[in-house]
$ cat target-v7.txt   # compact mmCIF, C-alpha atoms
# COMPACT_ATOMS: atom_id res chain seq x y z
CA MET P 1 0.00 0.00 0.00
CA LYS P 2 1.23 3.48 -0.83
CA GLN P 3 1.66 5.79 2.14
CA PRO P 4 0.23 9.32 2.09
CA PHE P 5 2.96 11.58 0.67
CA GLU P 6 2.96 13.57 3.91
CA LYS P 7 4.48 10.52 5.64
CA LEU P 8 7.43 10.57 3.25
CA VAL P 9 8.04 14.21 4.05
CA GLU P 10 7.80 13.41 7.73
CA GLN P 11 10.13 10.41 7.58
CA HIS P 12 12.73 11.62 5.11
CA GLY P 13 12.47 15.42 5.03
CA ARG P 14 15.27 15.87 7.52
CA THR P 15 17.64 13.43 5.83
CA VAL P 16 17.05 14.97 2.42
CA LEU P 17 17.76 18.43 3.86
CA ARG P 18 21.06 17.24 5.33
CA VAL P 19 22.02 15.52 2.10
CA CYS P 20 21.28 18.70 0.12
CA ARG P 21 23.27 20.70 2.62
CA VAL P 22 26.32 18.48 2.29
CA ILE P 23 26.15 18.64 -1.49
CA LEU P 24 25.25 22.31 -1.88
CA GLY P 25 25.67 24.27 1.34
CA ILE P 26 22.86 25.77 3.39
CA HIS P 27 21.16 28.27 1.07
CA ASP P 28 20.92 26.25 -2.11
CA ALA P 29 20.04 23.24 0.04
CA GLU P 30 16.60 24.61 0.81
CA ASP P 31 15.76 25.26 -2.82
CA ALA P 32 16.99 21.81 -3.76
CA TRP P 33 14.85 20.32 -0.97
CA SER P 34 11.75 22.09 -2.27
CA GLU P 35 12.36 21.02 -5.83
CA THR P 36 13.09 17.47 -4.74
CA PHE P 37 9.82 17.03 -2.88
CA LEU P 38 7.78 18.79 -5.52
CA ALA P 39 9.21 16.54 -8.23
CA ALA P 40 8.74 13.51 -5.99
CA MET P 41 5.11 14.42 -5.38
CA ARG P 42 4.53 14.69 -9.11
CA ALA P 43 6.01 11.25 -9.74
CA TYR P 44 4.76 9.55 -6.58
CA PRO P 45 1.59 7.91 -7.96
CA ASP P 46 3.76 5.99 -10.48
CA LEU P 47 6.33 4.81 -7.94
CA PRO P 48 6.09 1.06 -7.35
CA ASP P 49 4.57 0.30 -3.94
CA ASN P 50 7.58 -1.68 -2.77
CA ALA P 51 10.18 0.93 -3.75
CA ASN P 52 12.74 2.15 -1.22
CA THR P 53 11.34 5.65 -0.80
CA GLU P 54 14.44 7.08 0.84
CA ALA P 55 16.77 5.92 -1.92
CA TRP P 56 14.25 7.25 -4.43
CA LEU P 57 14.14 10.67 -2.75
CA VAL P 58 17.93 10.84 -2.49
CA THR P 59 18.16 10.01 -6.18
CA ILE P 60 15.85 12.90 -7.01
CA ALA P 61 17.77 15.18 -4.64
CA HIS P 62 20.99 14.15 -6.38
CA ARG P 63 19.59 15.24 -9.77
CA LYS P 64 18.17 18.48 -8.40
CA ALA P 65 21.49 19.29 -6.73
CA ILE P 66 23.30 18.74 -10.01
CA ASP P 67 20.81 21.10 -11.68
CA VAL P 68 21.51 23.73 -9.05
CA LEU P 69 25.26 23.28 -9.40
CA ARG P 70 24.99 23.66 -13.17
CA ALA P 71 22.64 26.62 -12.92
CA CYS P 72 25.10 28.38 -10.66
CA LYS P 73 27.89 27.44 -13.08
CA ARG P 74 29.93 26.34 -10.16
CA GLN P 75 32.99 24.24 -10.24
CA PRO P 76 32.48 20.70 -9.00
CA ALA P 77 34.24 21.57 -5.73
CA PRO P 78 32.69 24.84 -4.55
CA VAL P 79 35.31 25.90 -2.03
CA GLY P 80 35.77 29.47 -3.20
CA ASP P 81 33.80 31.50 -0.71
CA VAL P 82 33.62 29.05 2.16
CA PRO P 83 36.44 30.41 4.30
CA GLU P 84 35.02 33.93 4.01
CA ALA P 85 31.51 32.86 4.97
CA PRO P 86 31.73 29.99 7.43
CA THR P 87 28.35 30.74 8.98
CA THR P 88 26.48 29.91 5.80
CA LEU P 89 27.56 26.31 6.10
CA GLY P 90 28.23 25.36 9.68
CA VAL P 91 26.21 25.96 12.77
CA PRO P 92 27.17 29.38 14.09
CA GLY P 93 28.98 29.09 17.36
CA SER P 94 29.14 25.32 17.35
CA GLY P 95 32.65 25.23 15.98
CA ASP P 96 31.94 22.77 13.22
CA GLY P 97 32.52 25.29 10.46
CA ASP P 98 35.83 23.54 9.84
CA LEU P 99 34.08 20.29 9.04
CA TRP P 100 31.75 22.01 6.59
CA GLN P 101 34.75 23.61 5.01
CA ALA P 102 36.39 20.20 4.73
CA VAL P 103 33.20 18.67 3.32
CA GLY P 104 32.84 21.52 0.84
CA ALA P 105 36.41 20.99 -0.28
CA LEU P 106 35.87 17.35 -1.25
CA PRO P 107 35.72 16.45 -4.93
CA GLU P 108 32.09 16.19 -6.05
CA LYS P 109 31.91 12.39 -6.29
CA GLN P 110 33.44 11.93 -2.86
CA ARG P 111 31.14 14.49 -1.32
CA GLN P 112 28.14 12.77 -2.89
CA ALA P 113 29.26 9.32 -1.79
CA VAL P 114 29.82 10.58 1.76
CA ALA P 115 26.41 12.28 1.80
CA TYR P 116 24.51 9.29 0.46
CA HIS P 117 26.29 6.76 2.65
CA TYR P 118 26.97 8.57 5.90
CA VAL P 119 24.02 10.98 5.93
CA ALA P 120 21.30 9.07 4.08
CA GLY P 121 22.56 5.64 5.12
CA LEU P 122 22.22 4.15 1.63
CA ALA P 123 24.03 0.95 0.70
CA TYR P 124 26.92 1.25 -1.77
CA ALA P 125 24.93 -0.62 -4.41
CA GLU P 126 22.20 2.02 -4.17
CA ILE P 127 24.80 4.78 -4.32
CA ALA P 128 26.36 3.18 -7.39
CA ALA P 129 22.93 3.26 -9.05
CA ILE P 130 22.68 6.99 -8.33
CA LEU P 131 26.23 7.98 -9.27
CA GLY P 132 26.72 5.51 -12.08
CA GLY P 133 29.70 3.17 -11.95
CA THR P 134 30.26 0.14 -9.81
CA THR P 135 29.52 -0.62 -6.18
CA ASP P 136 33.27 -0.78 -5.57
CA ALA P 137 33.74 2.64 -7.08
CA ALA P 138 31.04 4.04 -4.80
CA ARG P 139 32.65 2.42 -1.79
CA ARG P 140 36.03 3.78 -2.83
CA ALA P 141 34.66 7.31 -3.33
CA ALA P 142 33.14 7.27 0.16
CA ALA P 143 36.33 5.87 1.67
CA ASP P 144 38.47 8.44 -0.14
CA GLY P 145 36.07 11.15 0.97
CA ILE P 146 36.39 10.10 4.58
CA LYS P 147 40.17 9.83 4.24
CA ASN P 148 40.27 13.39 2.87
CA LEU P 149 38.01 14.61 5.62
CA ARG P 150 40.27 13.07 8.23
CA LYS P 151 43.29 14.66 6.61
CA ASN P 152 41.71 18.14 6.45
CA TYR P 153 39.71 17.86 9.61
CA PRO P 154 41.65 15.60 11.96
CA GLY P 155 38.85 15.35 14.53
CA ALA P 156 36.70 13.31 12.18
CA THR P 157 36.29 9.57 12.60
CA THR P 158 33.73 7.22 11.14
CA GLU P 159 33.03 5.48 14.38
CA GLY P 160 29.43 4.43 14.68
CA ALA P 161 28.60 5.22 11.09
CA PRO P 162 26.34 2.88 9.17
CA SER P 163 28.26 0.28 7.17
CA MET H 1 34.05 13.92 16.00
CA THR H 2 32.07 11.19 14.33
CA ILE H 3 30.79 11.40 10.77
CA SER H 4 27.22 10.34 11.37
CA PRO H 5 23.90 11.70 10.15
CA ASP H 6 23.59 13.76 13.31
CA TYR H 7 26.84 15.42 12.48
CA PHE H 8 25.10 17.25 9.67
CA ALA H 9 22.26 18.36 11.88
CA SER H 10 21.66 21.94 12.81
CA PRO H 11 19.67 23.38 15.71
CA SER H 12 17.66 25.29 13.11
CA ASP H 13 16.50 22.06 11.41
CA PRO H 14 13.00 22.03 12.94
CA ASP H 15 12.41 25.64 11.89
CA ALA H 16 13.82 25.08 8.44
CA LEU H 17 11.73 21.96 7.95
CA SER H 18 8.48 23.50 9.07
CA ARG H 19 9.13 26.45 6.77
CA LEU H 20 9.99 24.11 3.89
CA ARG H 21 6.91 21.98 4.47
CA HIS H 22 4.68 25.02 4.48
CA ARG H 23 6.29 26.17 1.25
CA LEU H 24 5.85 22.71 -0.26
CA GLY H 25 2.12 22.82 0.46
CA LEU H 26 1.78 26.17 -1.31
CA ALA H 27 3.90 25.08 -4.28
CA ALA H 28 2.05 21.78 -4.64
CA GLU H 29 -1.26 23.64 -4.61
CA ALA H 30 -0.01 26.13 -7.20
CA GLU H 31 1.24 23.33 -9.46
CA GLY H 32 -2.00 21.38 -9.21
CA LEU H 33 -0.32 18.47 -7.42
CA LEU H 34 -2.15 18.68 -4.13
CA ASP H 35 -4.86 16.05 -4.56
CA VAL H 36 -5.70 15.83 -0.86
CA ALA H 37 -4.97 18.61 1.65
CA TYR H 38 -5.62 18.06 5.31
CA THR H 39 -5.37 19.70 8.69
CA THR H 40 -6.57 19.11 12.23
CA VAL H 41 -8.70 21.39 14.39
CA ASP H 42 -9.67 21.32 18.04
CA SER H 43 -13.34 21.10 18.89
CA PRO H 44 -15.66 20.27 21.80
CA VAL H 45 -15.88 16.74 20.36
CA GLY H 46 -12.11 16.27 20.23
CA THR H 47 -9.54 16.81 17.52
CA LEU H 48 -11.13 16.66 14.09
CA MET H 49 -9.17 15.95 10.94
CA LEU H 50 -10.40 17.82 7.87
CA ALA H 51 -9.41 16.78 4.36
CA ALA H 52 -10.31 18.35 1.04
CA THR H 53 -9.78 17.60 -2.63
CA ARG H 54 -9.87 20.37 -5.22
CA LYS H 55 -13.62 19.66 -5.47
CA GLY H 56 -14.36 20.24 -1.83
CA LEU H 57 -14.33 18.87 1.69
CA VAL H 58 -13.95 15.10 1.35
CA ARG H 59 -13.49 13.89 4.93
CA VAL H 60 -14.11 14.93 8.51
CA ALA H 61 -12.66 12.39 10.92
CA TYR H 62 -12.96 11.93 14.65
CA ASP H 63 -9.98 11.04 16.80
CA ILE H 64 -11.42 7.61 17.54
CA GLU H 65 -11.38 6.82 13.82
CA ASP H 66 -7.53 7.02 14.01
CA HIS H 67 -6.36 9.85 11.80
CA ASP H 68 -3.40 7.88 10.43
CA ARG H 69 -5.72 5.15 9.22
CA VAL H 70 -8.03 7.73 7.70
CA LEU H 71 -5.06 9.23 5.83
CA ASP H 72 -4.09 5.77 4.58
CA THR H 73 -7.60 5.27 3.27
CA LEU H 74 -7.57 8.66 1.54
CA SER H 75 -4.21 7.78 0.02
CA GLN H 76 -5.63 4.55 -1.38
CA LYS H 77 -9.08 5.68 -2.42
CA VAL H 78 -8.46 9.24 -3.58
CA SER H 79 -4.75 9.81 -4.26
CA PRO H 80 -1.43 9.30 -2.46
CA ARG H 81 -0.62 12.96 -3.12
CA VAL H 82 -1.64 13.90 0.39
CA LEU H 83 -0.12 16.80 2.33
CA ARG H 84 -0.85 18.61 5.54
CA ALA H 85 -1.78 21.96 4.00
CA PRO H 86 -4.15 23.89 6.26
CA GLN H 87 -4.78 26.77 3.85
CA ARG H 88 -7.22 24.76 1.72
CA LEU H 89 -9.22 23.99 4.85
CA ASP H 90 -9.43 27.56 6.09
CA ALA H 91 -13.11 28.03 5.25
CA ALA H 92 -14.12 24.65 6.67
CA ALA H 93 -12.18 25.26 9.87
CA ARG H 94 -13.78 28.68 10.26
CA GLU H 95 -17.32 27.39 9.69
CA LEU H 96 -16.82 24.53 12.14
CA ASP H 97 -15.52 27.00 14.69
CA GLU H 98 -18.63 29.15 14.22
CA TYR H 99 -20.84 26.06 14.44
CA PHE H 100 -19.30 24.92 17.72
CA GLY H 101 -19.55 28.49 18.99
CA GLY H 102 -23.29 28.45 18.31
CA GLN H 103 -23.01 31.09 15.60
CA ARG H 104 -23.63 28.93 12.55
CA GLN H 105 -26.51 26.61 11.74
CA VAL H 106 -25.87 25.77 8.10
CA PHE H 107 -22.57 24.83 6.46
CA ASP H 108 -21.85 26.56 3.21
CA LEU H 109 -18.93 24.53 1.87
CA PRO H 110 -18.28 22.70 -1.38
CA LEU H 111 -18.39 18.97 -0.61
CA ASP H 112 -16.76 16.03 -2.36
CA LEU H 113 -18.88 12.95 -1.65
CA SER H 114 -16.73 10.64 -3.74
CA LEU H 115 -15.81 8.44 -0.76
CA SER H 116 -19.32 7.02 -0.73
CA THR H 117 -21.41 5.63 -3.55
CA GLY H 118 -24.92 4.52 -4.43
CA PHE H 119 -27.58 4.48 -1.77
CA ARG H 120 -25.19 5.65 0.97
CA GLN H 121 -24.29 8.73 -1.00
CA LEU H 122 -27.96 9.35 -1.78
CA VAL H 123 -28.79 9.32 1.94
CA GLN H 124 -25.82 11.55 2.75
CA ARG H 125 -26.95 14.05 0.10
CA HIS H 126 -30.34 14.28 1.80
CA LEU H 127 -29.13 14.56 5.40
CA PRO H 128 -28.55 18.34 5.26
CA GLU H 129 -32.32 18.69 4.72
CA ILE H 130 -32.71 17.92 8.41
CA GLY H 131 -32.33 21.40 9.85
CA TYR H 132 -30.26 22.54 12.79
CA GLY H 133 -31.75 21.50 16.11
CA GLN H 134 -34.14 19.03 14.47
CA THR H 135 -33.97 15.25 14.50
CA ARG H 136 -35.38 12.41 12.40
CA THR H 137 -35.56 8.67 12.93
CA TYR H 138 -33.79 6.24 10.63
CA GLY H 139 -37.23 5.29 9.31
CA GLN H 140 -38.16 8.89 8.53
CA VAL H 141 -34.94 9.32 6.60
CA ALA H 142 -35.72 6.14 4.67
CA ASP H 143 -39.05 7.80 3.73
CA LEU H 144 -37.26 11.01 2.86
CA VAL H 145 -35.08 9.26 0.28
CA GLY H 146 -38.13 7.43 -1.12
CA ASN H 147 -37.20 3.98 0.14
CA PRO H 148 -39.24 3.41 3.33
CA LYS H 149 -38.07 -0.18 3.77
CA ALA H 150 -34.38 0.69 3.74
CA VAL H 151 -34.18 1.57 7.45
CA ARG H 152 -31.08 -0.57 8.03
CA ALA H 153 -29.39 0.77 4.93
CA VAL H 154 -30.02 4.29 6.20
CA GLY H 155 -28.31 3.26 9.44
CA THR H 156 -25.31 2.05 7.45
CA ALA H 157 -25.27 5.24 5.38
CA CYS H 158 -25.17 7.31 8.58
CA ALA H 159 -22.49 5.11 10.13
CA THR H 160 -20.28 5.46 7.04
CA ASN H 161 -20.82 9.19 6.56
CA PRO H 162 -17.38 10.52 5.50
CA LEU H 163 -18.34 14.04 6.56
CA PRO H 164 -19.75 13.85 10.09
CA VAL H 165 -20.80 17.15 11.74
CA VAL H 166 -20.94 18.92 8.35
CA VAL H 167 -23.33 16.31 6.91
CA PRO H 168 -25.55 16.00 9.97
CA CYS H 169 -25.96 12.26 10.51
CA HIS H 170 -26.00 13.06 14.22
CA ARG H 171 -29.57 14.33 13.72
CA VAL H 172 -30.79 10.83 12.93
CA LEU H 173 -32.00 8.87 15.96
CA ARG H 174 -33.56 5.54 16.75
CA ALA H 175 -37.34 5.24 16.61
CA ASP H 176 -37.45 5.08 20.43
CA GLY H 177 -35.70 8.44 20.68
CA THR H 178 -32.38 7.10 21.94
CA PRO H 179 -29.38 8.46 20.05
CA GLY H 180 -28.21 5.24 18.41
CA GLY H 181 -24.69 4.67 17.16
CA TYR H 182 -22.36 7.35 15.89
CA VAL H 183 -19.07 7.40 14.02
CA GLY H 184 -17.64 9.73 16.66
CA GLY H 185 -18.94 7.68 19.57
CA PRO H 186 -22.18 8.17 21.52
CA ASP H 187 -20.82 11.02 23.63
CA ALA H 188 -19.95 13.10 20.57
CA LYS H 189 -23.46 12.61 19.23
CA LYS H 190 -24.99 13.73 22.53
CA THR H 191 -22.68 16.77 22.64
CA LEU H 192 -23.77 17.86 19.15
CA LEU H 193 -27.47 17.35 19.92
CA ARG H 194 -27.13 19.29 23.15
CA LEU H 195 -25.32 22.10 21.35
CA GLU H 196 -28.07 22.35 18.75
CA ALA H 197 -30.87 22.10 21.32
CA ALA H 198 -29.45 25.12 23.13
CA LYS H 199 -30.15 27.53 20.30
$ encode --input "target-v7.txt" --output "structure tokens"
Amino acid sequence: MKQPFEKLVEQHGRTVLRVCRVILGIHDAEDAWSETFLAAMRAYPDLPDNANTEAWLVTIAHRKAIDVLRACKRQPAPVGDVPEAPTTLGVPGSGDGDLWQAVGALPEKQRQAVAYHYVAGLAYAEIAAILGGTTDAARRAAADGIKNLRKNYPGATTEGAPS
Amino acid sequence: MTISPDYFASPSDPDALSRLRHRLGLAAEAEGLLDVAYTTVDSPVGTLMLAATRKGLVRVAYDIEDHDRVLDTLSQKVSPRVLRAPQRLDAAARELDEYFGGQRQVFDLPLDLSLSTGFRQLVQRHLPEIGYGQTRTYGQVADLVGNPKAVRAVGTACATNPLPVVVPCHRVLRADGTPGGYVGGPDAKKTLLRLEAAK
């Protein structure tokens, strides 16, 4: 049975927002969130009942984020203005601006793999389906992303993350 | 620091999400994607859930009907494009408020009776002819719809009324004058009858 769309928003709205934020930063994240759920709502009646709704939503968010990146004509790794405007990414006063900077500095594929695995909790096979390429490549991109994060933000570990 | 989903949380998440959800409701309405909008309102008979299609009010549900189950049914029978979007229910919420405040006797709202069919819908279409503060027996309603023998079927039509309060099935009583069953429970029926008797 297909759940009311509101339940999807309730269950996955927060995760999709965090994913968009990792990929795009805080401001564009909200627009990408809106476009993701609007597009999802349009397509929802045709989604098979047994589909993994979270993976589906993250896939849509991935495409919307790419649209935003293209529309802004950004480089794949949008690090340019991050150091000057740390509060647009991190939580003001919480001191994690450095992590956001490190996340923003990751190559696009690595940032996506980290977002979809560590934020959305998707399996590497699902991530491979979103990014194209093999499951191994997705696993490698996430691992490289984490390695880079550790290098640029030494406090980061992956302890307790979903595997 | 651990890279976990919570790591990417922000204290402003709840605010951001409620703003985004509100915006989604408006955008979905503007794009013609909002097949079912719903909200909940407080009332003397408990929290009522109101749902509307583009055609009109499609469902009023009592707490004891389990709002989540009602939403599931709407998703299956009408459309899964369901969102909490109070703006479409503004007029209904206002009229119900006036009704419970004793300032309104007739509802003037577009209704969507598509959740019921056939004889049940026929009965439900006729129920508003029973005026505020009046009551009829199940048998009298059977007469009213031109099918005097269908007393039981009238009972079923009242029990399955998708729009209680607004479509006044609470004004239909047993032949012996006792209230009879009610979708919102017997206490809700008594509360409504008492409210209307106090005019």
$ residues_around --input "target-v7.txt" --residues "range 178-186 of chain H" --least-positions-apart "4" --cutoff "9 Å" --atoms "all atoms listed in the file" --output "list in words"
Val45, Ala61, Tyr62, Asp63, Ile64, Glu65, Gly155, Cys158, Ala159, Thr160, Asn161, Pro164, Cys169, His170, Arg171, Val172, Leu173, Arg174, Lys190 and Thr191 of chain H
$ atom_distance --input "target-v7.txt" --atom1 "CA of Leu163 in chain H" --atom2 "CA of Lys55 in chain H"
14.1 Å
$ interface_residues --input "target-v7.txt" --of "chain H" --to "chain P" --cutoff "12 Å" --atoms "all atoms listed in the file" --output "ChimeraX atom specification"
/H:1-39,67-85
$ atom_distance --input "target-v7.txt" --atom1 "CA of Leu192 in chain H" --atom2 "CA of Ala93 in chain H"
16.6 Å
$ atom_distance --input "target-v7.txt" --atom1 "CA of Val154 in chain H" --atom2 "CA of Gln140 in chain H"
9.6 Å
$ residues_around --input "target-v7.txt" --residues "Asp28 in chain P" --least-positions-apart "3" --cutoff "10 Å" --atoms "all atoms listed in the file" --output "VMD selection string"
chain P and resid 20 to 21 23 to 25 31 to 33 65 68 to 69 72
